[in-house]
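One structure below.
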Amino acid sequence: MRRKIKKIVVLVVAISSIFSYLYFTLNQKELEYSFNGSYYEVINNNIPYFTEEEIEEAEESYEYYGELDYLGRVTYAQASLGVDLMPSEDRESISNIYPSGFNQYTNEEVLGNNYLYNRSHLIAFMLAGENDNENNLITGTNFMNQELMLPLEKVVYNYITKENHHVLYRVTPLYDKNDLVATAVLMEAQSIEDDDISFCILVYNVEPCIEIDYSDGEVLNADVECDYTQTKQTDESQYILNTNSLKYHRLNCDDADDIAAFNKEILYANSATARMMGFEPCGNCKP
Ligand SMILES: [Zn+2]
């Protein structure tokens, strides 16, 4: 009898998680997005798609990684993040994992010493300590992984460690049809004990100067005329973020010199996006 009850419970949990996934994927299909030069796009008026039930269940930490789909692609990762999930051990190698479309590419002229692709964690190692979990690693450009996702991850990390609160968090790669490489990832976050953290932001999986075939991860074109570092420096809409104080600064602001290295990130986006991410303009440089 006991065993039967256990089986039923497992079945109910399995069915409800399938339904919540279906619900989300159906919802997601209504998203319309295409890269137009802005690396971030605010979705659904910046309101994450979490259900009331999911928010209620987020008082305690948990983490869940969706199974790979029929094409071997990562589906999504969802967690109620708390300090108890954060890693106590150092990060280990993840090079044994080959996410779908991981067609590695180098080009010193365009990328310097960087590889084009990273094994990008959906839920960052610093947030949940997942190392080589194949359900949590996608083929992400170096630029998306290191420059675009990281500021948002650090905002969440700093908030949780400071407040000892929970953040309901979901990262979903979005693929066009049967593409093996995601066009973008949707990052959703909602703090549970207060409303300080709340965003629903799509981040494009792109690399400046490189054109990618998302169906298989091959490079279609690498623009050697395009100076990678210069592209980053001359973009007008760039700000310096303090991911701890949640202030953003103009690139030449003196106040930005004092930001601790861990908390200091460049935001490759406009002022409106900085505010949607939860940042406030510095009173000194008034960006
Ligand atoms: Zn400033």
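Ordering of the structure tokens sets the chain letters (A, B, ...); residue numbers start at 1 within each chain; ligands are numbered from 1 in the order shown.
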
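For Asn142 in chain A, the non-local neighbours within 6 Å, defined as residues at least 2 positions apart in the same chain or in other chains and counting only C-alpha atoms, are Leu116, Tyr117, Asn118, Met144, Asn145 and Gln146 of chain A.
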
Residues from last step as file, C-alpha atoms, as a PDB file, in the first residue's frame:
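Contents of out.pdb, freshly written:
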ATOM      1  CA  LEU A 116      33.611  31.907 -29.813  1.00  0.00           C
ATOM      2  CA  TYR A 117      31.599  29.553 -27.617  1.00  0.00           C
ATOM      3  CA  ASN A 118      31.357  28.944 -23.921  1.00  0.00           C
ATOM      4  CA  MET A 144      26.590  36.578 -24.096  1.00  0.00           C
ATOM      5  CA  ASN A 145      28.014  34.465 -21.324  1.00  0.00           C
ATOM      6  CA  GLN A 146      30.698  36.811 -20.012  1.00  0.00           C
TER       7      GLN A 146
END

Residue neighbourhood Met149 in chain A, 10 Å, only C-alpha atoms, exclusion window fewer than 2 positions, as an MDAnalysis selection string: chainID A and resid 40 120:122 124 143:147 151:154 185 187 202:205

Keeping only C-alpha atoms, write the selected residues to a file as a PDB file, in the first residue's frame.
ATOM      1  CA  TYR A  40      18.714  42.920 -24.310  1.00  0.00           C
ATOM      2  CA  SER A 120      27.125  28.633 -20.706  1.00  0.00           C
ATOM      3  CA  HIS A 121      25.353  27.769 -17.478  1.00  0.00           C
ATOM      4  CA  LEU A 122      21.654  28.614 -17.521  1.00  0.00           C
ATOM      5  CA  ALA A 124      25.282  30.298 -13.045  1.00  0.00           C
ATOM      6  CA  PHE A 143      29.999  37.707 -25.324  1.00  0.00           C
ATOM      7  CA  MET A 144      26.590  36.578 -24.096  1.00  0.00           C
ATOM      8  CA  ASN A 145      28.014  34.465 -21.324  1.00  0.00           C
ATOM      9  CA  GLN A 146      30.698  36.811 -20.012  1.00  0.00           C
ATOM     10  CA  GLU A 147      29.248  40.237 -20.766  1.00  0.00           C
ATOM     11  CA  PRO A 151      25.613  41.489 -14.746  1.00  0.00           C
ATOM     12  CA  LEU A 152      22.129  40.082 -14.083  1.00  0.00           C
ATOM     13  CA  GLU A 153      23.575  37.022 -12.367  1.00  0.00           C
ATOM     14  CA  LYS A 154      25.669  39.216 -10.092  1.00  0.00           C
ATOM     15  CA  VAL A 185      17.802  33.118 -23.460  1.00  0.00           C
ATOM     16  CA  MET A 187      16.013  35.362 -17.851  1.00  0.00           C
ATOM     17  CA  LEU A 202      15.644  38.353 -23.074  1.00  0.00           C
ATOM     18  CA  VAL A 203      19.363  38.222 -23.790  1.00  0.00           C
ATOM     19  CA  TYR A 204      20.568  37.585 -27.342  1.00  0.00           C
ATOM     20  CA  ASN A 205      23.092  34.837 -27.980  1.00  0.00           C
TER      21      ASN A 205
END

Within 9 Å of ligand 1: each chain A residue with its shortest pair, only C-alpha atoms and all ligand atoms, as CSV:
residue,atom,partner,partner_atom_place_in_ligand_line,distance
A:Ile240,CA,ligand 1,1 (Zn),8.2
A:Lys247,CA,ligand 1,1 (Zn),7.8
A:Tyr248,CA,ligand 1,1 (Zn),6.6
A:His249,CA,ligand 1,1 (Zn),3.9
A:Arg250,CA,ligand 1,1 (Zn),5.7
A:Leu251,CA,ligand 1,1 (Zn),8.1
A:Asn252,CA,ligand 1,1 (Zn),7.9
A:Cys253,CA,ligand 1,1 (Zn),4.6
A:Asp254,CA,ligand 1,1 (Zn),6.6
A:Asp255,CA,ligand 1,1 (Zn),5.2
A:Ala256,CA,ligand 1,1 (Zn),6.0
A:Pro281,CA,ligand 1,1 (Zn),7.3
A:Cys282,CA,ligand 1,1 (Zn),4.4
A:Gly283,CA,ligand 1,1 (Zn),6.5
A:Asn284,CA,ligand 1,1 (Zn),5.0
A:Cys285,CA,ligand 1,1 (Zn),4.1
A:Lys286,CA,ligand 1,1 (Zn),6.4
A:Pro287,CA,ligand 1,1 (Zn),7.2

Could the residues in this selection be saved with N, CA and C atoms as a CSV table (one decimal), in the first residue's frame?
chain,number,residue,atom,x,y,z
A,240,ILE,N,28.6,51.8,-16.8
A,240,ILE,CA,29.3,51.0,-15.8
A,240,ILE,C,28.3,50.7,-14.7
A,247,LYS,N,23.7,51.0,-8.7
A,247,LYS,CA,23.8,52.3,-9.4
A,247,LYS,C,24.4,52.0,-10.8
A,248,TYR,N,24.0,52.9,-11.8
A,248,TYR,CA,24.8,52.8,-13.0
A,248,TYR,C,25.3,54.2,-13.4
A,249,HIS,N,26.5,54.2,-14.0
A,249,HIS,CA,27.3,55.4,-14.3
A,249,HIS,C,27.7,55.5,-15.7
A,250,ARG,N,28.0,56.7,-16.1
A,250,ARG,CA,28.6,57.0,-17.4
A,250,ARG,C,30.0,56.4,-17.3
A,251,LEU,N,30.6,56.1,-18.5
A,251,LEU,CA,31.9,55.4,-18.6
A,251,LEU,C,33.0,56.2,-17.9
A,252,ASN,N,32.8,57.6,-17.9
A,252,ASN,CA,33.9,58.4,-17.4
A,252,ASN,C,33.7,59.0,-16.0
A,253,CYS,N,32.7,58.4,-15.3
A,253,CYS,CA,32.4,58.9,-14.0
A,253,CYS,C,33.5,58.5,-12.9
A,254,ASP,N,33.9,59.5,-12.2
A,254,ASP,CA,34.9,59.2,-11.1
A,254,ASP,C,34.4,58.3,-10.1
A,255,ASP,N,33.2,58.3,-9.7
A,255,ASP,CA,32.6,57.5,-8.7
A,255,ASP,C,32.8,56.0,-9.1
A,256,ALA,N,32.8,55.7,-10.4
A,256,ALA,CA,32.9,54.3,-10.8
A,256,ALA,C,34.3,53.7,-10.5
A,281,PRO,N,20.2,55.6,-11.6
A,281,PRO,CA,21.3,56.5,-12.1
A,281,PRO,C,22.1,57.1,-11.0
A,282,CYS,N,23.4,57.2,-11.2
A,282,CYS,CA,24.3,57.8,-10.2
A,282,CYS,C,23.9,59.3,-10.1
A,283,GLY,N,24.0,59.8,-8.9
A,283,GLY,CA,23.6,61.2,-8.7
A,283,GLY,C,24.7,62.2,-9.2
A,284,ASN,N,25.9,61.6,-9.4
A,284,ASN,CA,27.0,62.5,-9.8
A,284,ASN,C,27.1,62.7,-11.3
A,285,CYS,N,27.1,61.6,-12.0
A,285,CYS,CA,27.3,61.7,-13.5
A,285,CYS,C,26.0,61.7,-14.2
A,286,LYS,N,24.9,61.5,-13.5
A,286,LYS,CA,23.5,61.6,-14.0
A,286,LYS,C,23.3,61.0,-15.4
A,287,PRO,N,23.5,59.7,-15.5
A,287,PRO,CA,23.4,59.0,-16.9
A,287,PRO,C,22.0,59.0,-17.4

Which of range 205-270 of chain A DSSP labels alpha helix (DSSP H), written as a PyMOL selection string: chain A and resi 228-234

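With only C-alpha atoms as the atoms that count, the residue of A:Ala182, A:Cys226, A:Ile201, A:Leu267 with the shortest distance to Asn44 in chain A is A:Ile201.
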
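Our summary of the geometry notes that CA of Tyr76 in chain A is positioned 4.5 Å from CA of Thr172 in chain A.
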
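In this structure, CA of Cys200 in chain A sits 9.5 Å away from CA of Arg170 in chain A.
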
Check which residues of range 137-247 of chain A sit at most 9 Å from range 96-111 of chain A using only C-alpha atoms, and return one row each with the closest pair of atoms and their distance in Å to one decimal, ordered by chain and rising number, as CSV.
residue,atom,partner,partner_atom,distance
A:Leu137,CA,A:Pro99,CA,6.3
A:Ile138,CA,A:Pro99,CA,5.3
A:Thr139,CA,A:Phe102,CA,5.5
A:Gly140,CA,A:Phe102,CA,8.6
A:Asp179,CA,A:Gly101,CA,8.2
A:Leu180,CA,A:Gly101,CA,4.9
A:Val181,CA,A:Gly101,CA,5.3
A:Ala182,CA,A:Gly101,CA,8.9
A:Cys209,CA,A:Val110,CA,7.1
A:Ile210,CA,A:Val110,CA,8.1
A:Tyr214,CA,A:Gly101,CA,7.8
A:Ser215,CA,A:Gly101,CA,7.5
A:Asp216,CA,A:Gly101,CA,4.9
A:Gly217,CA,A:Gly101,CA,4.8
A:Glu218,CA,A:Asn103,CA,6.0
A:Val219,CA,A:Tyr105,CA,7.5
A:Ala222,CA,A:Val110,CA,7.0
A:Asp223,CA,A:Val110,CA,7.0
A:Val224,CA,A:Val110,CA,5.6
A:Glu225,CA,A:Val110,CA,8.3
A:Cys226,CA,A:Val110,CA,7.2
A:Asp227,CA,A:Val110,CA,6.7
A:Tyr228,CA,A:Val110,CA,6.0
A:Thr229,CA,A:Leu111,CA,8.8

Distance criterion (only C-alpha atoms): nearest to Leu71 in chain A out of A:Tyr175, A:Ser237, A:Glu211, A:Phe50: A:Tyr175

So that I can check the surroundings of Glu92 in chain A, please list as a short mmCIF file (atom, residue, chain, number, x, y, z; two decimals) with N, CA and C atoms, in the first residue's frame every protein, DNA and RNA residue that reaches within 12 Å of it, counting only C-alpha atoms and ignoring chain neighbours fewer than 4 positions away.
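In the end it all went to part31.cif:
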data_model
loop_
_atom_site.label_atom_id
_atom_site.label_comp_id
_atom_site.auth_asym_id
_atom_site.auth_seq_id
_atom_site.Cartn_x
_atom_site.Cartn_y
_atom_site.Cartn_z
N PRO A 87 27.51 27.49 -3.97
CA PRO A 87 28.58 26.49 -3.88
C PRO A 87 29.54 26.76 -2.73
N ASN A 96 33.84 18.16 -20.37
CA ASN A 96 33.33 16.86 -20.81
C ASN A 96 31.93 16.97 -21.41
N PHE A 125 27.06 29.02 -12.03
CA PHE A 125 27.69 28.22 -10.99
C PHE A 125 27.63 28.94 -9.64
N GLY A 129 25.75 26.30 -7.78
CA GLY A 129 26.83 25.31 -7.65
C GLY A 129 26.75 24.13 -8.60
N GLU A 130 25.94 24.25 -9.65
CA GLU A 130 25.87 23.15 -10.62
C GLU A 130 27.09 23.20 -11.51
N ASN A 131 27.79 22.11 -11.59
CA ASN A 131 29.04 22.11 -12.33
C ASN A 131 28.82 21.58 -13.75
N ASP A 132 28.98 20.27 -13.94
CA ASP A 132 28.88 19.73 -15.31
C ASP A 132 27.53 19.04 -15.53
N ASN A 133 26.46 19.72 -15.17
CA ASN A 133 25.10 19.21 -15.40
C ASN A 133 24.72 19.52 -16.85
#

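Closest approach to Ser245 in chain A from the set A:Met86, A:Ala189, A:Ile212, A:Val155 is made by A:Val155, with distances taken over only C-alpha atoms.
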
Which residue of A:Ser61, A:Thr75, A:Asn244, A:Ser38 approaches Leu174 in chain A most closely, using only C-alpha atoms: A:Thr75

Atomic distance CA of Phe199 in chain A - CA of Asn46 in chain A, expressed in Å with one decimal: 5.0 Å

Residue contacts of Ile123 in chain A (8 Å, only C-alpha atoms) excluding same-chain residues fewer than 5 positions away, as a PyMOL selection string: chain A and resi 77-78+128+130+136+170-171

Could you write those residues out with C-alpha atoms, as an mmCIF file, in the first residue's frame?
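part.cif was written with the following content:
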data_model
loop_
_atom_site.group_PDB
_atom_site.id
_atom_site.type_symbol
_atom_site.label_atom_id
_atom_site.label_comp_id
_atom_site.auth_asym_id
_atom_site.auth_seq_id
_atom_site.Cartn_x
_atom_site.Cartn_y
_atom_site.Cartn_z
ATOM 1 C CA ALA A 77 16.325 25.549 -15.552
ATOM 2 C CA GLN A 78 14.292 26.868 -12.663
ATOM 3 C CA ALA A 128 23.471 27.096 -7.455
ATOM 4 C CA GLU A 130 25.867 23.146 -10.617
ATOM 5 C CA ASN A 136 22.134 23.323 -17.475
ATOM 6 C CA ARG A 170 14.238 30.693 -14.470
ATOM 7 C CA VAL A 171 16.418 30.704 -17.550
#

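You can rank A:Met126, A:Leu148, A:Met277, A:Leu31 by their closest distance to Ser198 in chain A using only C-alpha atoms, and at the top of that list sits A:Met277.
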